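J.: What follows is model-v9.tsv, made up of TSV, C-alpha atoms:
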chain	number	residue	atom	x	y	z
A	5	MET	CA	-6.17	7.94	14.52
A	6	SER	CA	-7.56	8.44	11.01
A	7	LEU	CA	-5.42	9.90	8.27
A	8	VAL	CA	-6.20	13.39	7.02
A	9	PHE	CA	-7.41	13.43	3.43
A	10	VAL	CA	-9.03	15.58	0.77
A	11	GLU	CA	-11.46	14.42	-1.89
A	12	ARG	CA	-12.93	15.45	-5.21
A	13	PRO	CA	-16.38	13.99	-5.84
A	14	ALA	CA	-17.44	12.78	-9.26
A	15	SER	CA	-19.73	15.02	-11.30
A	16	GLY	CA	-22.39	12.32	-11.27
A	17	GLU	CA	-22.66	8.68	-10.27
A	18	PRO	CA	-19.00	7.62	-9.99
A	19	VAL	CA	-17.70	4.78	-12.13
A	20	GLY	CA	-14.98	4.15	-9.60
A	21	LEU	CA	-12.68	5.38	-6.86
A	22	LEU	CA	-9.18	6.75	-7.43
A	23	VAL	CA	-6.95	7.02	-4.35
A	24	LEU	CA	-3.79	9.07	-4.94
A	25	HIS	CA	-0.87	8.77	-2.51
A	26	HIS	CA	1.62	11.64	-2.55
A	27	GLY	CA	5.40	11.40	-2.49
A	28	ARG	CA	7.97	12.18	0.18
A	29	GLY	CA	7.82	15.68	1.61
A	30	ALA	CA	4.45	16.60	0.08
A	31	ASP	CA	0.91	16.55	1.48
A	32	GLU	CA	-2.65	15.55	0.67
A	33	HIS	CA	-3.12	18.46	-1.77
A	34	ASP	CA	-0.11	17.62	-3.93
A	35	LEU	CA	-1.75	15.18	-6.36
A	36	LEU	CA	-5.36	16.33	-6.19
A	37	ALA	CA	-4.93	18.58	-9.25
A	38	LEU	CA	-3.60	15.55	-11.13
A	39	ALA	CA	-7.06	14.00	-10.83
A	40	ASP	CA	-8.57	16.66	-13.08
A	41	VAL	CA	-6.00	15.84	-15.78
A	42	LEU	CA	-6.33	12.08	-15.45
A	43	ASP	CA	-10.12	12.25	-15.20
A	44	PRO	CA	-11.22	15.50	-16.90
A	45	GLN	CA	-14.85	14.41	-17.12
A	46	GLN	CA	-14.87	13.80	-13.36
A	47	ARG	CA	-16.23	10.29	-13.72
A	48	MET	CA	-14.41	9.08	-10.60
A	49	HIS	CA	-14.51	9.88	-6.93
A	50	VAL	CA	-10.97	10.90	-5.99
A	51	VAL	CA	-9.35	10.83	-2.55
A	52	SER	CA	-5.84	11.90	-1.57
A	53	PRO	CA	-4.61	11.16	1.98
A	54	ARG	CA	-1.78	12.76	3.93
A	55	ALA	CA	1.13	10.56	4.99
A	56	PRO	CA	1.39	10.14	8.78
A	57	LEU	CA	5.06	10.95	9.42
A	58	THR	CA	6.80	14.31	9.85
A	59	PRO	CA	10.41	13.28	10.54
A	60	ARG	CA	12.57	15.62	12.56
A	61	GLY	CA	14.67	17.82	10.29
A	62	ALA	CA	12.62	16.95	7.20
A	63	SER	CA	9.94	18.94	5.42
A	64	GLY	CA	6.46	17.78	4.54
A	65	HIS	CA	4.92	14.39	5.21
A	66	HIS	CA	6.41	10.93	4.71
A	67	TRP	CA	4.93	7.43	4.56
A	68	TYR	CA	7.96	5.71	6.07
A	69	LEU	CA	11.63	6.26	6.90
A	70	VAL	CA	14.27	5.41	4.30
A	71	PRO	CA	17.41	3.68	5.53
A	72	ARG	CA	18.11	2.64	1.90
A	73	VAL	CA	16.22	3.22	-1.34
A	74	GLY	CA	14.09	0.19	-2.10
A	75	TYR	CA	14.13	-1.02	1.51
A	76	PRO	CA	11.66	0.89	3.72
A	77	ASP	CA	12.05	0.97	7.48
A	78	ARG	CA	9.95	-1.91	8.76
A	79	GLU	CA	8.27	-0.22	11.73
A	80	THR	CA	7.20	2.99	10.00
A	81	PHE	CA	6.22	1.12	6.84
A	82	ARG	CA	4.02	-1.27	8.80
A	83	SER	CA	2.35	1.60	10.66
A	84	ALA	CA	1.60	3.46	7.42
A	85	PHE	CA	0.38	0.24	5.80
A	86	GLU	CA	-2.10	-0.41	8.60
A	87	ARG	CA	-3.40	3.15	8.79
A	88	LEU	CA	-3.75	3.44	5.04
A	89	GLY	CA	-5.58	0.11	4.95
A	90	GLU	CA	-8.03	1.41	7.54
A	91	LEU	CA	-8.65	4.50	5.41
A	92	HIS	CA	-9.25	2.45	2.27
A	93	ASP	CA	-11.71	0.26	4.17
A	94	GLU	CA	-13.54	3.33	5.48
A	95	LEU	CA	-13.74	4.83	1.98
A	96	TRP	CA	-15.18	1.65	0.49
A	97	GLN	CA	-17.82	1.49	3.20
A	98	ARG	CA	-18.72	5.19	3.07
A	99	THR	CA	-18.82	5.63	-0.70
A	100	GLY	CA	-20.24	2.23	-1.58
A	101	ILE	CA	-17.52	1.92	-4.23
A	102	GLY	CA	-15.76	-1.38	-3.63
A	103	PRO	CA	-12.14	-2.38	-4.19
A	104	GLU	CA	-13.05	-3.99	-7.52
A	105	ARG	CA	-13.81	-0.44	-8.77
A	106	THR	CA	-10.80	1.21	-7.12
A	107	VAL	CA	-7.42	2.21	-8.53
A	108	LEU	CA	-4.59	2.89	-6.09
A	109	GLY	CA	-2.10	5.37	-7.48
A	110	GLY	CA	0.80	7.45	-6.36
A	111	PHE	CA	4.17	9.06	-6.92
A	112	SER	CA	7.49	7.93	-5.42
A	113	MET	CA	6.75	6.87	-1.82
A	114	GLY	CA	3.07	7.03	-2.69
A	115	ALA	CA	3.61	4.59	-5.55
A	116	VAL	CA	5.35	2.24	-3.12
A	117	MET	CA	2.35	2.40	-0.79
A	118	SER	CA	0.02	1.76	-3.73
A	119	TYR	CA	1.98	-1.39	-4.55
A	120	ALA	CA	2.05	-2.38	-0.88
A	121	LEU	CA	-1.70	-2.07	-0.31
A	122	GLY	CA	-2.70	-3.27	-3.77
A	123	LEU	CA	-0.57	-6.43	-3.79
A	124	ALA	CA	-0.62	-7.66	-0.19
A	125	ALA	CA	-2.42	-10.96	0.39
A	126	THR	CA	-4.08	-9.48	3.48
A	127	ARG	CA	-5.75	-6.70	1.49
A	128	PRO	CA	-8.66	-6.68	-0.99
A	129	ILE	CA	-7.79	-6.83	-4.69
A	130	PRO	CA	-8.23	-3.46	-6.42
A	131	ALA	CA	-9.05	-2.86	-10.07
A	132	GLY	CA	-5.52	-1.67	-10.69
A	133	ILE	CA	-2.40	0.14	-9.54
A	134	MET	CA	-0.92	3.32	-11.06
A	135	ALA	CA	2.73	3.81	-10.10
A	136	PHE	CA	4.72	6.91	-11.02
A	137	SER	CA	8.44	6.68	-10.12
A	138	GLY	CA	8.08	3.90	-7.56
A	139	PHE	CA	9.29	0.39	-6.75
A	140	LEU	CA	8.15	-2.85	-5.16
A	141	PRO	CA	9.27	-2.61	-1.53
A	142	VAL	CA	11.59	-5.10	0.10
A	143	VAL	CA	10.65	-5.11	3.77
A	144	ASP	CA	10.38	-7.82	6.40
A	145	GLY	CA	6.76	-8.87	6.92
A	146	TRP	CA	5.46	-7.81	3.49
A	147	GLU	CA	5.32	-9.71	0.24
A	148	ALA	CA	3.37	-9.42	-2.97
A	149	ASP	CA	0.57	-11.90	-3.64
A	150	LEU	CA	0.86	-12.10	-7.42
A	151	LEU	CA	-0.84	-15.44	-7.89
A	152	GLY	CA	-4.07	-14.07	-6.42
A	153	ARG	CA	-3.91	-11.00	-8.67
A	154	ARG	CA	-3.29	-12.55	-12.07
A	155	GLY	CA	-4.82	-10.37	-14.77
A	156	MET	CA	-4.95	-7.23	-12.62
A	157	GLY	CA	-3.83	-4.09	-14.44
A	158	VAL	CA	-0.77	-2.06	-13.46
A	159	PHE	CA	0.39	1.20	-15.05
A	160	ILE	CA	4.05	2.13	-14.49
A	161	ALA	CA	5.76	5.34	-15.61
A	162	HIS	CA	9.36	6.18	-14.71
A	163	GLY	CA	12.08	8.58	-15.77
A	164	GLU	CA	15.26	7.20	-17.27
A	165	ASN	CA	17.21	9.97	-15.52
A	166	ASP	CA	15.62	9.54	-12.08
A	167	GLN	CA	18.47	10.09	-9.60
A	168	VAL	CA	16.31	9.40	-6.53
A	169	ILE	CA	14.71	6.08	-7.49
A	170	GLY	CA	16.70	4.52	-10.30
A	171	VAL	CA	14.82	3.32	-13.36
A	172	GLU	CA	16.20	-0.19	-12.82
A	173	LEU	CA	13.81	-0.53	-9.86
A	174	ALA	CA	10.84	0.21	-12.13
A	175	ARG	CA	12.09	-2.24	-14.73
A	176	ARG	CA	12.50	-4.89	-12.07
A	177	ALA	CA	8.97	-4.27	-10.77
A	178	ALA	CA	7.49	-4.52	-14.27
A	179	ALA	CA	9.30	-7.78	-14.95
A	180	GLN	CA	8.28	-9.29	-11.63
A	181	LEU	CA	4.64	-8.33	-12.07
A	182	ARG	CA	4.50	-9.60	-15.64
A	183	ASP	CA	6.10	-12.87	-14.60
A	184	GLY	CA	3.39	-13.12	-11.94
A	185	GLY	CA	0.64	-12.83	-14.56
A	186	LEU	CA	-0.41	-9.20	-14.07
A	187	GLU	CA	-1.19	-6.97	-17.07
A	188	VAL	CA	1.53	-4.30	-17.00
A	189	GLU	CA	1.61	-1.17	-19.15
A	190	TYR	CA	5.12	0.24	-18.81
A	191	HIS	CA	6.48	3.59	-19.98
A	192	GLU	CA	9.88	5.24	-19.70
A	193	SER	CA	10.74	8.81	-20.61
A	194	PRO	CA	13.87	11.00	-20.38
A	195	ALA	CA	12.56	12.51	-17.13
A	196	GLY	CA	14.05	12.81	-13.67
A	197	HIS	CA	12.25	12.21	-10.39
A	198	HIS	CA	8.90	13.77	-11.22
A	199	ILE	CA	5.69	12.94	-13.03
A	200	ASP	CA	6.48	13.55	-16.68
A	201	PRO	CA	3.57	15.46	-18.29
A	202	ARG	CA	4.06	13.31	-21.41
A	203	GLY	CA	2.97	10.27	-19.45
A	204	ILE	CA	-0.23	11.71	-18.04
A	205	PRO	CA	-2.40	11.21	-21.17
A	206	LEU	CA	-1.20	7.60	-21.29
A	207	ALA	CA	-2.14	7.14	-17.65
A	208	GLY	CA	-5.51	8.77	-18.24
A	209	ARG	CA	-6.34	6.39	-21.09
A	210	TRP	CA	-5.26	3.41	-19.01
A	211	LEU	CA	-7.37	4.62	-16.08
A	212	ALA	CA	-10.46	5.18	-18.23
A	213	SER	CA	-10.23	1.66	-19.64
A	214	THR	CA	-9.39	-0.07	-16.37
A	215	LEU	CA	-12.22	0.94	-14.07
A	216	PRO	CA	-15.15	0.34	-16.45
A	217	LYS	CA	-13.63	-2.98	-17.48
A	218	ARG	CA	-13.42	-4.22	-13.90
A	219	ALA	CA	-16.81	-2.74	-12.98
A	220	GLU	CA	-18.54	-4.55	-15.83
A	221	GLY	CA	-16.81	-7.80	-15.02
A	222	ALA	CA	-17.43	-7.64	-11.28
Kindly present the structure from the file in structure tokens form.

T.:
Amino acid sequence: MSLVFVERPASGEPVGLLVLHHGRGADEHDLLALADVLDPQQRMHVVSPRAPLTPRGASGHHWYLVPRVGYPDRETFRSAFERLGELHDELWQRTGIGPERTVLGGFSMGAVMSYALGLAATRPIPAGIMAFSGFLPVVDGWEADLLGRRGMGVFIAHGENDQVIGVELARRAAAQLRDGGLEVEYHESPAGHHIDPRGIPLAGRWLASTLPKRAEGA
């Protein structure tokens, strides 16, 4: 069963594809407005899917269950990983915009899924990953293929006062990715668990430089 999604087409021929994955308890509309701030000239085709889970007693949509922060539930994580991979494949085929011109981005759980799909050895290598308030997941059956992604760009923004996903998880992710040879742009701010507006212009500049760079070098 395909995931529900919304999209915002580019104003002309798109330079790339931006897929935004929302956080826990939100839906496919949550980050779509962010696209107009990150990409005000509408140079990119933007898609935002809805997470597949609606846990009993919880509001909104979730990508996976959370027995412990940093350690997603294996079964629900694997299911979301597979369904999201199918959607990405469908988007690349339908739009004609390949993974080399795609940035996977997200907030919180959505950032985790961006890492998961963007770094897995079984998945195509995207142009980059944009992670707001996320972490590299520790889950049986998934591991990051850093050697195969040396030089790939990653943008990380995290709040120092995040009480949901501690900033130490972002610092650990940045260090691990840098040690693996990826090009990491890392930013902290005095924010909590939300996308700090002060980081959006930085993310927009990173995004604008990342997609054309990969497209020209493809």

J.: How close does each residue of range 105-187 of chain A get to range 56-76 of chain A, giving the shortest atom pair and distance in Å to one decimal for every residue with an atom at most 12 Å away, counting all atoms listed in the file, sorted by chain and residue number, as a tab-separated table?

T.:
residue	atom	partner	partner_atom	distance
A:Gly110	CA	A:Trp67	CA	11.7
A:Phe111	CA	A:Trp67	CA	11.6
A:Ser112	CA	A:Trp67	CA	10.3
A:Met113	CA	A:Trp67	CA	6.7
A:Gly114	CA	A:Trp67	CA	7.5
A:Ala115	CA	A:Trp67	CA	10.6
A:Val116	CA	A:Gly74	CA	9.0
A:Met117	CA	A:Trp67	CA	7.8
A:Ser118	CA	A:Trp67	CA	11.2
A:Ala120	CA	A:Pro76	CA	11.1
A:Ser137	CA	A:Gly74	CA	11.8
A:Gly138	CA	A:Gly74	CA	8.9
A:Phe139	CA	A:Gly74	CA	6.7
A:Leu140	CA	A:Gly74	CA	7.3
A:Pro141	CA	A:Gly74	CA	5.6
A:Val142	CA	A:Tyr75	CA	5.0
A:Val143	CA	A:Tyr75	CA	5.8
A:Asp144	CA	A:Tyr75	CA	9.2
A:Gly145	CA	A:Pro76	CA	11.4
A:Trp146	CA	A:Pro76	CA	10.7
A:Gln167	CA	A:Val73	CA	11.0
A:Val168	CA	A:Val73	CA	8.1
A:Ile169	CA	A:Val73	CA	6.9
A:Gly170	CA	A:Val73	CA	9.1
A:Val171	CA	A:Gly74	CA	11.7
A:Glu172	CA	A:Gly74	CA	10.9
A:Leu173	CA	A:Gly74	CA	7.8
A:Ala174	CA	A:Gly74	CA	10.5
A:Arg176	CA	A:Gly74	CA	11.3
A:Ala177	CA	A:Gly74	CA	11.0

J.: So that I can check the surroundings of Gly208 in chain A, please list as a PDB file with C-alpha atoms, keeping the file's coordinate frame every protein, DNA and RNA residue that reaches within 9 Å of it, counting only C-alpha atoms and ignoring chain neighbours fewer than 5 positions away.

T.:
ATOM      1  CA  VAL A  41      -6.000  15.840 -15.780  1.00  0.00           C
ATOM      2  CA  LEU A  42      -6.330  12.080 -15.450  1.00  0.00           C
ATOM      3  CA  ASP A  43     -10.120  12.250 -15.200  1.00  0.00           C
ATOM      4  CA  PRO A  44     -11.220  15.500 -16.900  1.00  0.00           C
ATOM      5  CA  GLY A 203       2.970  10.270 -19.450  1.00  0.00           C
ATOM      6  CA  SER A 213     -10.230   1.660 -19.640  1.00  0.00           C
TER       7      SER A 213
END

J.: When distances are computed from only C-alpha atoms, which of A:Gln45, A:Ser193, A:Thr126, A:Thr99 shows the smallest separation from Gly152 in chain A?

T.: A:Thr126

J.: Could you work out how far CA of Leu181 in chain A lies from CA of Leu150 in chain A, giving the answer in Å with one decimal?

T.: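 CA of Leu181 in chain A lies 7.1 Å from CA of Leu150 in chain A.
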
J.: CA of Ser6 in chain A to CA of Leu35 in chain A: how many Å, to one decimal?

T.: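 It comes out at 19.5 Å.
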
J.: At most 8 Å is the cut-off: for each residue in range 111-166 of chain A with any atom that close to an atom of range 194-197 of chain A, write down the nearest atom pair and the distance in Å rounded to one decimal, counting only C-alpha atoms, chain first then increasing number, as a Markdown table.

T.:
| residue | atom | partner | partner_atom | distance |
| --- | --- | --- | --- | --- |
| A:Ser137 | CA | A:His197 | CA | 6.7 |
| A:His162 | CA | A:Ala195 | CA | 7.5 |
| A:Gly163 | CA | A:Ala195 | CA | 4.2 |
| A:Glu164 | CA | A:Pro194 | CA | 5.1 |
| A:Asn165 | CA | A:Gly196 | CA | 4.6 |
| A:Asp166 | CA | A:Gly196 | CA | 4.0 |

J.: Provide the CA of Pro130 in chain A to CA of Ala14 in chain A distance in Å, to one decimal place.

T.: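 That distance, rounded to one decimal, is 18.9 Å.
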
J.: For range 13-16 of chain A, take all atoms listed in the file, fit an axis-aligned box around them, add 5 Å to each of the six sides, then output centre and edge lengths in Å rounded to one decimal, as JSON.

T.:
{"center_x": -19.4, "center_y": 13.7, "center_z": -8.6, "size_x": 16.0, "size_y": 12.7, "size_z": 15.5}

J.: With only C-alpha atoms as the atoms that count, which of A:Asp77, A:Met134, A:Ser52, A:Gly27 lies nearest to Arg209 in chain A?

T.: A:Met134

J.: Of the candidates A:Leu88, A:Phe159, A:Val188, A:Ala131, which shows the shortest atom-to-atom distance to Leu206 in chain A, using all atoms listed in the file?

T.: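 Smallest separation from Leu206 in chain A among the options: A:Phe159.
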
J.: How would you write as a list in words the residues that get within 8 Å of (3.8, 11.6, -12.6) in the file's frame, counting all atoms listed in the file?

T.: Phe111, Phe136, Ser137, Ala161, His198, Ile199, Asp200, Pro201, Gly203 and Ile204 of chain A

J.: When distances are computed from only C-alpha atoms, which of A:Ala37, A:Ile133, A:Leu21, A:Ser83 shows the smallest separation from Gly102 in chain A?

T.: A:Leu21

J.: I need every residue sitting at most 12 Å from the point (-4.1, -1.9, 9.7) (coordinates as in the file, only C-alpha atoms considered), written as a ChimeraX atom specification.

T.: /A:5-7,81-94,121,124,126-127

J.: Do you know which residues are at most 10 Å from Ser15 in chain A counting only C-alpha atoms, after dropping those on the same chain fewer than 3 positions away, and could you put them as a list in words?

T.: Arg12, Pro18, Gln45, Gln46, Arg47, Met48 and His49 of chain A

J.: Save range 37-60 of chain A of the structure in the block above to a file, with N, CA and C atoms included, as a CSV table (one decimal), in the first residue's frame.

T.:
chain,number,residue,atom,x,y,z
A,37,ALA,N,5.1,23.7,4.1
A,37,ALA,CA,5.3,25.2,4.1
A,37,ALA,C,6.8,25.5,4.3
A,38,LEU,N,7.5,24.6,5.0
A,38,LEU,CA,9.0,24.8,5.1
A,38,LEU,C,9.7,24.9,3.8
A,39,ALA,N,9.1,24.2,2.8
A,39,ALA,CA,9.7,24.1,1.5
A,39,ALA,C,9.8,25.5,0.8
A,40,ASP,N,8.8,26.3,1.1
A,40,ASP,CA,8.8,27.7,0.5
A,40,ASP,C,9.8,28.6,1.1
A,41,VAL,N,10.2,28.3,2.4
A,41,VAL,CA,11.2,29.1,3.0
A,41,VAL,C,12.6,28.6,2.6
A,42,LEU,N,12.8,27.3,2.6
A,42,LEU,CA,14.1,26.7,2.1
A,42,LEU,C,14.3,27.0,0.7
A,43,ASP,N,13.3,27.0,-0.1
A,43,ASP,CA,13.4,27.1,-1.6
A,43,ASP,C,12.4,28.2,-2.1
A,44,PRO,N,12.7,29.4,-1.7
A,44,PRO,CA,11.7,30.5,-2.1
A,44,PRO,C,11.5,30.7,-3.6
A,45,GLN,N,12.5,30.3,-4.4
A,45,GLN,CA,12.4,30.5,-5.8
A,45,GLN,C,11.7,29.3,-6.5
A,46,GLN,N,11.3,28.3,-5.7
A,46,GLN,CA,10.7,27.1,-6.1
A,46,GLN,C,11.4,26.4,-7.3
A,47,ARG,N,12.7,26.2,-7.0
A,47,ARG,CA,13.6,25.6,-8.0
A,47,ARG,C,13.5,24.1,-7.9
A,48,MET,N,13.0,23.6,-6.8
A,48,MET,CA,12.9,22.1,-6.6
A,48,MET,C,11.5,21.6,-6.5
A,49,HIS,N,11.4,20.3,-6.9
A,49,HIS,CA,10.1,19.6,-6.7
A,49,HIS,C,10.2,19.1,-5.3
A,50,VAL,N,9.1,19.3,-4.6
A,50,VAL,CA,9.1,19.0,-3.1
A,50,VAL,C,8.0,18.0,-2.9
A,51,VAL,N,8.3,16.9,-2.1
A,51,VAL,CA,7.3,15.9,-1.7
A,51,VAL,C,7.4,15.7,-0.2
A,52,SER,N,6.2,15.6,0.4
A,52,SER,CA,6.2,15.3,1.8
A,52,SER,C,5.2,14.1,2.1
A,53,PRO,N,5.7,13.0,2.5
A,53,PRO,CA,4.8,11.8,2.7
A,53,PRO,C,4.3,11.8,4.2
A,54,ARG,N,3.2,11.0,4.3
A,54,ARG,CA,2.6,10.8,5.6
A,54,ARG,C,3.2,9.4,6.2
A,55,ALA,N,3.6,9.5,7.5
A,55,ALA,CA,4.1,8.3,8.1
A,55,ALA,C,2.9,7.2,8.2
A,56,PRO,N,3.3,5.9,8.2
A,56,PRO,CA,2.2,4.9,8.1
A,56,PRO,C,1.5,4.5,9.4
A,57,LEU,N,2.1,4.9,10.6
A,57,LEU,CA,1.5,4.4,11.8
A,57,LEU,C,0.6,5.4,12.5
A,58,THR,N,-0.5,4.9,13.1
A,58,THR,CA,-1.3,5.7,14.0
A,58,THR,C,-1.5,4.9,15.3
A,59,PRO,N,-0.5,4.9,16.2
A,59,PRO,CA,-0.5,4.1,17.4
A,59,PRO,C,-1.7,4.4,18.3
A,60,ARG,N,-2.3,3.3,18.9
A,60,ARG,CA,-3.4,3.5,19.8
A,60,ARG,C,-3.0,4.4,20.9
